[in-house]
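Student: Sharing a structure with you now.
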Amino acid sequence: MTVAWTRAGFVRAALGGAAVIAGGAATSLASRSSSSDRDILNFFLLFEHVQEAFYRQAIDGGQLTGELQEFASTVADQEARHVAFLKGRLGNAARQLPTPRFGNALSSPERFRDAAIELEELAIAGYVGQAPHLSRESIAKVATLVSVEARQVAWIRDIAGVSPAPRAADPARGADDAITALRKRGFVQ
């Protein structure tokens, strides 16, 4: 027995298959666990905490002037709000935060600027790498942080006189890789 396909029948079958696939994707999104969200949000909290401490210590060091001072002051306040936002989302599940150490990264305005670029790029790579693993609800909230982080790195890169957007897309980094980079730099232990 042969089955003759009409154009309308083919379209209905294709749409039905698409609905099944979309339903599976929605189920997959819905099944992401709150423990996964908690782990990822705690990863973001670590980065935001390190960034806030970096900018606060740079301001307190008194070596920054002009554009770098304005950048550090503005971004420190933004990072503080990011930390508060993430702690609010996590509640009692918020991780214990280490005391960051920045060594000679704050010893001159140039070293600060270079470390700020590195830190902001690393944060963006961490967000890009981990955000897709969040639940739909959490990713919608975190997206607001990512856009600010992207503006921050563009701003400091512009101050440095390098392209504010050197790539068409930012690379992703896994959580372990990003934390290892922070440790290599000596920012966290």
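Chain labels A, B, ... are given in the sequence in which chains occur in the structure tokens; within each chain residues are numbered consecutively from 1, and ligands are likewise numbered from 1 in the order shown.
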For segment 118-132 of chain A, find every residue with an atom within 7 Å (counting only C-alpha atoms), except residues of its own chain fewer than 5 positions away, and show them as a list in words.
Tutor: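 The filter keeps Ile40, Phe47, Ile139, Val146, Glu149, Ala150, Val153, Asp170, Pro171, Ala172, Arg173, Gly174, Ala175 and Ala178 of chain A.
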Student: Restricting the calculation to only C-alpha atoms: of A:His82, A:Phe43, A:Arg185, A:Ser108, which residue gets closest to Gly61 of chain A?
Tutor: A:Ser108
Student: Write out as a count of residues only the residues lying within 12 Å of Gln78 of chain A, counting only C-alpha atoms and excluding same-chain residues fewer than 2 positions away.
Tutor: 27
Student: Rounded to one decimal, what separation in Å do you get between atom CA of Leu97 of chain A and atom CA of Asp60 of chain A?
Tutor: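 Distance between the two atoms: 20.4 Å.
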Student: Which residues, written as a ChimeraX atom specification, have at least one atom at most 10 Å from Leu41 of chain A, with only C-alpha atoms counted and residues fewer than 2 positions away on the same chain left out?
Tutor: /A:35-39,43-47,86-87,89-90,93-95,127,130-131,134,138-139,142
Student: List every residue of segment 92-149 of chain A that DSSP, applied to the backbone, labels as helix (DSSP H, G or I), and write the result as a VMD selection string.
Tutor: chain A and resid 92 to 93 103 to 106 109 to 133 136 to 149
Student: Smallest atom-to-atom distance to Gln96 of chain A: which of A:Gly186, A:Asn42, A:Ile59, A:Pro109, using only C-alpha atoms?
Tutor: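 Closest residue, counting only C-alpha atoms: A:Asn42.
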